[in-house]
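First up is the structure itself, then whatever we jot down about it.
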There are 2 protein chains.
Amino acid sequence: MNSPITKPSIREENERAILAAAESVFAERGFGGATMAAIAAGAGVPKPNVHYYFPTKEKLYRAVVERVLTAWLDAARSFDMSADPRAALTAYIEAKMDLAREMPLSSRIWASEIMRGAPVIQDFLDTTLSQWVRSRERVVRRWIAEGKLKPIEPKFLFYMIWATTQHYANAAHEIASLEKGRTLDNATFAKAKRQVVETILGGVVA
Amino acid sequence: MNSPITKPSIREENERAILAAAESVFAERGFGGATMAAIAAGAGVPKPNVHYYFPTKEKLYRAVVERVLTAWLDAARSFDMSADPRAALTAYIEAKMDLAREMPLSSRIWASEIMRGAPVIQDFLDTTLSQWVRSRERVVRRWIAEGKLKPIEPKFLFYMIWATTQHYANAAHEIASLEKGRTLDNATFAKAKRQVVETILGGVVA
DNA sequence: TATAAATTTGACCATATGGTCAAATGTCGT
DNA sequence: ACGACATTTGACCATATGGTCAAATTTATA
């Protein structure tokens, strides 16, 4: 049914448009501030049509958040536990920076979902994310034992990586304001990425 | 009139209670999701009473954000431009960490205001914050010229500090989830603070 | 204590919003 | 071309929400 070359069905195309609009509206105004009318307008369809594909605002939000989770997991995979810390952390930080750059809306929705107390992704935090952290913690501790990293608490390192990389999505507006209103261009962003990698590596590599 | 020992007037006391409730509701649900009814309930006063002190939701929100700005400025002052980078950055990072710990609601409101595109604090970003950044950038560049810091872009250092420290407020729930649901205790938070300071210093001090 | 000013509060109002419905229209396989 | 099914859409509805008002009550002030 779902062969790669099938042209998108009406349903697929509409769901795509609605999800895209929803992502943007949820990211800008938060769950509470988003309205189905705004989402419908953003998707270019009448409001009842949104409800036809996503029965409730809650369900639509969940669908949006699921895409965010997918993006998170993709970036998470770039943490190569078999590599040495420099390579593993560099790849991971760069993946996270690219995610913030390329999917700022997803990143903001993630942040705001967490600030709300994670009503939708609590289960993800308790299962997938917890496991991811535990396994990577072990790897980091091994690196420390091997004298490759300073004796740090792995979690705090992850927090710093998550926070710093996400900041480039969450605070894109603030950053632009400090750059005379202009968004970071690719070259500047690349410099930021490099500096983030080097600062963190410089701070934790033994 | 406003001598230090004057007992709070009815007005002062009510405004305080309303602002406190508003801060909590805005932080939890965002501007759009917050309701005046919830704020009134949180403050323990009837809804019209909230409007008596703060005519509109928008004005109430502005009042809350102003308190956040004050907190931001207080922490900003701890960046001692006359000191050497180790001392200056340590004091600043620690002040920011303490702020995130002691005023998590303010920190979250700040984050969500910025994610909304800073409709209320745009002016602050363009004036006070821009000036603060420019003057500190100069100091950091001087430190670099004196060989005390690696050749970094000062702004990216500030972003890392802001992001990482704020994370402990913004993502407190996520962090708690990764700690079996328990909030970081004081000792653990102190360790986090130390590690953040040491990682960043280790990353940028020459 | 009398009077003015500040504060409180129940009852309301207009609008916005999430969601529904049924009729109309489009799509697709046969 | 036909019937079955998917999709679209204008008109609605119930509720929530920001905000108002005027009467009642409390607090300051002279």
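Ordering of the structure tokens sets the chain letters (A, B, ...); residue numbers start at 1 within each chain; ligands are numbered from 1 in the order shown.
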List as a tab-separated table every residue of chain A that is in contact with chain B, defined as an atom at most 8 Å from one of its atoms (using only C-alpha atoms), together with the nearest atom pair and the distance in Å rounded to one decimal, sorted by chain and then rising number.
```
residue	atom	partner	partner_atom	distance
A:Ala27	CA	B:Met115	CA	7.8
A:Glu28	CA	B:Arg116	CA	5.3
A:Arg29	CA	B:Arg116	CA	6.2
A:Gly30	CA	B:Gly30	CA	6.7
A:Phe31	CA	B:Gly33	CA	7.0
A:Gly32	CA	B:Gly33	CA	3.6
A:Gly33	CA	B:Gly32	CA	3.7
A:Ala34	CA	B:Gly32	CA	7.4
A:Arg108	CA	B:Met115	CA	7.1
A:Ala111	CA	B:Ala171	CA	7.7
A:Ser112	CA	B:Ser112	CA	7.4
A:Ile114	CA	B:Ala171	CA	6.1
A:Met115	CA	B:Asn170	CA	5.7
A:Arg116	CA	B:Glu28	CA	5.3
A:Gly117	CA	B:His173	CA	5.8
A:Ala118	CA	B:His173	CA	7.5
A:Leu125	CA	B:Ser177	CA	6.5
A:Asp126	CA	B:Ser177	CA	6.4
A:Ser130	CA	B:Leu178	CA	5.9
A:Ile152	CA	B:Gln195	CA	7.1
A:Glu153	CA	B:Gln195	CA	7.8
A:Phe156	CA	B:Ala192	CA	6.2
A:Tyr159	CA	B:Thr164	CA	7.2
A:Met160	CA	B:Thr164	CA	5.3
A:Ala163	CA	B:Thr164	CA	5.1
A:Thr164	CA	B:Ala163	CA	5.1
A:Gln166	CA	B:Ala163	CA	8.0
A:His167	CA	B:Ala163	CA	5.6
A:Asn170	CA	B:Met115	CA	5.7
A:Ala171	CA	B:Ile114	CA	6.1
A:Ala172	CA	B:Met115	CA	8.0
A:His173	CA	B:Gly117	CA	5.8
A:Glu174	CA	B:Ile114	CA	6.4
A:Ser177	CA	B:Asp126	CA	6.4
A:Leu178	CA	B:Ser130	CA	5.9
A:Ala192	CA	B:Phe156	CA	6.2
A:Gln195	CA	B:Ile152	CA	7.1
A:Val196	CA	B:Phe156	CA	7.6
A:Glu198	CA	B:Gly203	CA	7.0
A:Thr199	CA	B:Gly203	CA	4.1
A:Ile200	CA	B:Gly203	CA	5.9
A:Leu201	CA	B:Gly203	CA	6.9
A:Gly202	CA	B:Gly203	CA	4.2
A:Gly203	CA	B:Thr199	CA	4.1
A:Val204	CA	B:Thr199	CA	6.1
```
What does the file look like for those residues with N, CA and C atoms, as a compact mmCIF listing (two decimals), in the first residue's frame?
```txt
# COMPACT_ATOMS: atom_id res chain seq x y z
N ALA A 27 3.81 25.98 18.53
CA ALA A 27 5.12 26.49 18.91
C ALA A 27 5.06 27.96 19.27
N GLU A 28 4.25 28.71 18.54
CA GLU A 28 4.18 30.15 18.76
C GLU A 28 3.37 30.52 19.99
N ARG A 29 2.24 29.83 20.16
CA ARG A 29 1.32 30.28 21.20
C ARG A 29 1.17 29.29 22.36
N GLY A 30 1.81 28.15 22.27
CA GLY A 30 1.63 27.15 23.32
C GLY A 30 0.32 26.42 23.16
N PHE A 31 0.16 25.33 23.88
CA PHE A 31 -1.06 24.54 23.76
C PHE A 31 -2.29 25.38 24.09
N GLY A 32 -2.24 26.04 25.21
CA GLY A 32 -3.41 26.80 25.66
C GLY A 32 -3.76 27.96 24.75
N GLY A 33 -2.75 28.58 24.17
CA GLY A 33 -3.00 29.75 23.35
C GLY A 33 -3.33 29.42 21.91
N ALA A 34 -3.07 28.19 21.51
CA ALA A 34 -3.36 27.81 20.13
C ALA A 34 -4.87 27.63 19.95
N ARG A 108 10.86 23.94 20.09
CA ARG A 108 10.10 24.80 20.99
C ARG A 108 8.92 24.07 21.59
N ALA A 111 10.18 21.99 24.38
CA ALA A 111 10.48 22.80 25.56
C ALA A 111 9.20 23.18 26.28
N SER A 112 8.21 23.55 25.53
CA SER A 112 7.01 24.03 26.19
C SER A 112 6.20 22.87 26.77
N ILE A 114 7.59 20.30 28.12
CA ILE A 114 8.29 20.00 29.37
C ILE A 114 7.97 21.04 30.44
N MET A 115 7.89 22.29 30.02
CA MET A 115 7.57 23.34 30.99
C MET A 115 6.16 23.16 31.55
N ARG A 116 5.29 22.58 30.75
CA ARG A 116 3.92 22.34 31.23
C ARG A 116 3.86 21.14 32.16
N GLY A 117 4.98 20.45 32.35
CA GLY A 117 4.97 19.28 33.21
C GLY A 117 4.81 17.98 32.43
N ALA A 118 5.06 18.07 31.12
CA ALA A 118 5.07 16.89 30.26
C ALA A 118 3.79 16.05 30.31
N LEU A 125 9.32 10.10 28.91
CA LEU A 125 10.37 10.46 29.86
C LEU A 125 10.72 9.27 30.75
N ASP A 126 9.68 8.58 31.21
CA ASP A 126 9.88 7.51 32.18
C ASP A 126 10.42 6.22 31.55
N SER A 130 14.54 7.65 29.91
CA SER A 130 15.27 7.14 31.08
C SER A 130 16.27 6.08 30.68
N ILE A 152 33.11 13.63 35.95
CA ILE A 152 31.90 14.45 35.98
C ILE A 152 30.69 13.57 36.23
N GLU A 153 29.60 14.21 36.57
CA GLU A 153 28.32 13.52 36.63
C GLU A 153 27.74 13.53 35.22
N PHE A 156 24.65 15.74 34.24
CA PHE A 156 24.82 17.19 34.13
C PHE A 156 25.44 17.56 32.78
N TYR A 159 22.54 17.45 30.39
CA TYR A 159 21.70 18.65 30.57
C TYR A 159 22.33 19.85 29.86
N MET A 160 23.63 19.96 29.99
CA MET A 160 24.29 21.11 29.36
C MET A 160 24.17 21.02 27.85
N ALA A 163 20.47 21.69 26.93
CA ALA A 163 20.11 23.08 27.15
C ALA A 163 20.72 23.99 26.09
N THR A 164 22.01 23.82 25.89
CA THR A 164 22.70 24.74 24.99
C THR A 164 22.21 24.60 23.56
N GLN A 166 19.34 23.31 22.48
CA GLN A 166 17.94 23.74 22.39
C GLN A 166 17.81 25.25 22.40
N HIS A 167 18.71 25.89 23.11
CA HIS A 167 18.64 27.35 23.23
C HIS A 167 18.62 28.01 21.86
N ASN A 170 14.92 27.60 20.98
CA ASN A 170 14.00 28.27 21.90
C ASN A 170 14.19 29.78 21.88
N ALA A 171 15.42 30.22 21.87
CA ALA A 171 15.71 31.64 22.02
C ALA A 171 16.13 32.28 20.72
N ALA A 172 15.72 31.67 19.61
CA ALA A 172 16.12 32.23 18.31
C ALA A 172 15.73 33.70 18.20
N HIS A 173 14.60 34.02 18.77
CA HIS A 173 14.16 35.41 18.68
C HIS A 173 15.06 36.35 19.49
N GLU A 174 15.41 35.91 20.69
CA GLU A 174 16.29 36.72 21.53
C GLU A 174 17.64 36.89 20.83
N SER A 177 17.40 39.34 18.13
CA SER A 177 17.33 40.71 18.65
C SER A 177 18.72 41.25 18.98
N LEU A 178 19.59 40.37 19.44
CA LEU A 178 20.95 40.79 19.78
C LEU A 178 21.84 40.90 18.55
N ALA A 192 28.94 28.99 15.85
CA ALA A 192 28.33 28.70 17.14
C ALA A 192 28.42 27.21 17.43
N GLN A 195 31.89 26.30 18.37
CA GLN A 195 32.26 26.76 19.71
C GLN A 195 31.57 25.93 20.80
N VAL A 196 30.33 25.59 20.58
CA VAL A 196 29.63 24.77 21.57
C VAL A 196 30.35 23.44 21.73
N GLU A 198 33.47 22.73 21.03
CA GLU A 198 34.80 22.87 21.61
C GLU A 198 34.76 23.26 23.07
N THR A 199 33.82 24.08 23.43
CA THR A 199 33.73 24.47 24.84
C THR A 199 33.38 23.26 25.71
N ILE A 200 32.40 22.50 25.26
CA ILE A 200 32.00 21.36 26.08
C ILE A 200 33.11 20.31 26.11
N LEU A 201 33.68 20.02 24.96
CA LEU A 201 34.78 19.06 24.96
C LEU A 201 35.92 19.56 25.85
N GLY A 202 36.27 20.82 25.68
CA GLY A 202 37.34 21.39 26.50
C GLY A 202 37.01 21.31 27.98
N GLY A 203 35.75 21.33 28.28
CA GLY A 203 35.36 21.32 29.70
C GLY A 203 35.31 19.95 30.31
N VAL A 204 35.13 18.91 29.50
CA VAL A 204 34.95 17.58 30.09
C VAL A 204 36.00 16.55 29.68
```
### Residue list for chain C near chain A as a ChimeraX atom specification, 10 Å, only C-alpha atoms (C1' of nucleotides)
/C:16-20,27
Could you please take those selected residues and save C-alpha atoms (C1' of nucleotides) as a PDB file, in the first residue's frame?
```pdb
ATOM      1  C1'  DA C  16     -14.158  33.345  21.413  1.00  0.00           C
ATOM      2  C1'  DT C  17     -13.554  28.702  21.118  1.00  0.00           C
ATOM      3  C1'  DG C  18     -13.750  23.582  20.805  1.00  0.00           C
ATOM      4  C1'  DG C  19     -16.593  20.761  18.779  1.00  0.00           C
ATOM      5  C1'  DT C  20     -20.929  18.890  16.010  1.00  0.00           C
ATOM      6  C1'  DT C  27     -13.176  10.346  -5.746  1.00  0.00           C
TER       7       DT C  27
END
```
### Message
So that I can check the surroundings of Val45 in chain B, please list as a PyMOL selection string every protein, DNA and RNA residue that reaches within 10 Å of it, counting only C-alpha atoms (C1' of nucleotides) and ignoring chain neighbours fewer than 2 positions away.
### Response
(chain B and resi 14+17-18+37+39-43+47-50) or (chain C and resi 8-9)
### Task
Find the spatial neighbours of DA6 in chain C, counting only C-alpha atoms (C1' of nucleotides), within a cut-off of 9 Å - ignore same-chain residues fewer than 4 positions away - and output them as a PyMOL selection string.
chain D and resi 26-28
#### Entry: Pick from B:Glu94, B:Glu13, B:Glu58, B:Glu137 nearest to chain D, counting only C-alpha atoms (C1' of nucleotides)
B:Glu58
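Among the candidates C:DT25, C:DT7, C:DT1, C:DC12, the one nearest to DC21 in chain D when counting only C-alpha atoms (C1' of nucleotides) is C:DC12.
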### Message
Please compute the CA of Trp110 in chain A-CA of Leu184 in chain A distance, one decimal, in Å.
### Response
21.6 Å
### Task
Do a neighbour search on DA30 in chain D at 10 Å with only C-alpha atoms (C1' of nucleotides), toss out local chain neighbours closer than 2 positions, and write the hits as a ChimeraX atom specification.
/C:2-4 /D:28
### Task
Find the distance between CA of Asp80 in chain A and CA of Val68 in chain A and write it in Å to one decimal.
21.1 Å
### Query
Could you pull out the helix (DSSP H, G or I) residues of range 13-117 of chain B from DSSP and send them as number ranges by chain?
B: 13-33, 36-43, 47-53, 57-77, 85-102, 104-115
Write the residues of the selection above to a file with C-alpha atoms, as an mmCIF file, in the first residue's frame.
```cif
data_model
loop_
_atom_site.group_PDB
_atom_site.id
_atom_site.type_symbol
_atom_site.label_atom_id
_atom_site.label_comp_id
_atom_site.auth_asym_id
_atom_site.auth_seq_id
_atom_site.Cartn_x
_atom_site.Cartn_y
_atom_site.Cartn_z
ATOM 1 C CA GLU B 13 -0.962 42.556 50.156
ATOM 2 C CA ASN B 14 -3.558 41.787 47.500
ATOM 3 C CA GLU B 15 -1.332 42.759 44.642
ATOM 4 C CA ARG B 16 1.335 40.518 46.065
ATOM 5 C CA ALA B 17 -1.016 37.544 46.354
ATOM 6 C CA ILE B 18 -2.393 38.086 42.858
ATOM 7 C CA LEU B 19 1.034 38.487 41.300
ATOM 8 C CA ALA B 20 2.234 35.329 43.027
ATOM 9 C CA ALA B 21 -0.739 33.345 41.793
ATOM 10 C CA ALA B 22 -0.408 34.845 38.326
ATOM 11 C CA GLU B 23 3.250 33.960 38.152
ATOM 12 C CA SER B 24 2.475 30.375 38.945
ATOM 13 C CA VAL B 25 -0.410 30.088 36.500
ATOM 14 C CA PHE B 26 1.425 31.844 33.669
ATOM 15 C CA ALA B 27 4.473 29.682 34.261
ATOM 16 C CA GLU B 28 2.442 26.493 34.191
ATOM 17 C CA ARG B 29 0.072 27.188 31.343
ATOM 18 C CA GLY B 30 1.643 30.018 29.380
ATOM 19 C CA PHE B 31 -0.039 33.303 28.597
ATOM 20 C CA GLY B 32 -2.654 31.823 26.334
ATOM 21 C CA GLY B 33 -3.520 28.944 28.609
ATOM 22 C CA MET B 36 -8.100 34.931 35.126
ATOM 23 C CA ALA B 37 -10.371 32.566 37.032
ATOM 24 C CA ALA B 38 -7.454 30.263 37.842
ATOM 25 C CA ILE B 39 -5.355 33.201 38.950
ATOM 26 C CA ALA B 40 -8.142 34.526 41.135
ATOM 27 C CA ALA B 41 -8.620 31.125 42.702
ATOM 28 C CA GLY B 42 -4.886 30.813 43.291
ATOM 29 C CA ALA B 43 -4.820 34.171 45.001
ATOM 30 C CA LYS B 47 -12.287 37.223 39.952
ATOM 31 C CA PRO B 48 -13.540 40.830 39.762
ATOM 32 C CA ASN B 49 -11.085 41.651 42.495
ATOM 33 C CA VAL B 50 -8.226 40.640 40.243
ATOM 34 C CA HIS B 51 -9.531 43.056 37.628
ATOM 35 C CA TYR B 52 -9.810 45.703 40.294
ATOM 36 C CA TYR B 53 -6.049 45.621 40.775
ATOM 37 C CA LYS B 57 -4.897 39.946 31.617
ATOM 38 C CA GLU B 58 -2.313 41.639 29.446
ATOM 39 C CA LYS B 59 -1.509 44.229 32.136
ATOM 40 C CA LEU B 60 -1.286 41.565 34.792
ATOM 41 C CA TYR B 61 1.081 39.588 32.599
ATOM 42 C CA ARG B 62 3.216 42.669 32.057
ATOM 43 C CA ALA B 63 3.395 43.221 35.793
ATOM 44 C CA VAL B 64 4.564 39.654 36.274
ATOM 45 C CA VAL B 65 7.155 39.966 33.540
ATOM 46 C CA GLU B 66 8.497 43.144 35.112
ATOM 47 C CA ARG B 67 9.358 41.240 38.247
ATOM 48 C CA VAL B 68 11.180 38.719 36.098
ATOM 49 C CA LEU B 69 13.193 41.505 34.543
ATOM 50 C CA THR B 70 14.177 42.717 37.972
ATOM 51 C CA ALA B 71 15.443 39.282 38.882
ATOM 52 C CA TRP B 72 17.341 39.108 35.614
ATOM 53 C CA LEU B 73 19.019 42.451 36.293
ATOM 54 C CA ASP B 74 19.955 41.435 39.811
ATOM 55 C CA ALA B 75 21.741 38.367 38.517
ATOM 56 C CA ALA B 76 23.307 40.364 35.694
ATOM 57 C CA ARG B 77 25.014 42.633 38.212
ATOM 58 C CA PRO B 85 37.491 35.858 34.088
ATOM 59 C CA ARG B 86 37.523 32.921 36.493
ATOM 60 C CA ALA B 87 36.027 34.986 39.294
ATOM 61 C CA ALA B 88 33.654 36.929 37.089
ATOM 62 C CA LEU B 89 32.282 33.918 35.250
ATOM 63 C CA THR B 90 32.042 31.828 38.395
ATOM 64 C CA ALA B 91 30.063 34.497 40.197
ATOM 65 C CA TYR B 92 27.808 35.061 37.224
ATOM 66 C CA ILE B 93 27.119 31.400 36.551
ATOM 67 C CA GLU B 94 26.455 30.751 40.210
ATOM 68 C CA ALA B 95 24.077 33.693 40.405
ATOM 69 C CA LYS B 96 22.214 32.386 37.371
ATOM 70 C CA MET B 97 22.053 28.887 38.805
ATOM 71 C CA ASP B 98 20.714 30.235 42.083
ATOM 72 C CA LEU B 99 18.166 32.272 40.226
ATOM 73 C CA ALA B 100 16.941 29.196 38.363
ATOM 74 C CA ARG B 101 16.768 27.322 41.631
ATOM 75 C CA GLU B 102 15.087 29.996 43.696
ATOM 76 C CA PRO B 104 11.938 28.730 38.714
ATOM 77 C CA LEU B 105 8.600 30.285 37.853
ATOM 78 C CA SER B 106 10.183 33.540 36.796
ATOM 79 C CA SER B 107 12.703 31.651 34.732
ATOM 80 C CA ARG B 108 9.989 29.693 32.963
ATOM 81 C CA ILE B 109 7.957 32.799 32.256
ATOM 82 C CA TRP B 110 11.044 34.400 30.766
ATOM 83 C CA ALA B 111 11.616 31.383 28.554
ATOM 84 C CA SER B 112 8.065 31.241 27.387
ATOM 85 C CA GLU B 113 7.951 34.991 26.760
ATOM 86 C CA ILE B 114 10.976 34.628 24.525
ATOM 87 C CA MET B 115 9.522 31.637 22.745
#
```
### Task
May I have the residues of chain D within 10 Å of chain A, counting only C-alpha atoms (C1' of nucleotides), written as JSON, numbers by chain?
{"D": [6, 7, 8, 9, 10]}
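The interatomic distance for the pair CA of Arg141 in chain A and CA of Pro154 in chain A works out to 7.2 Å.
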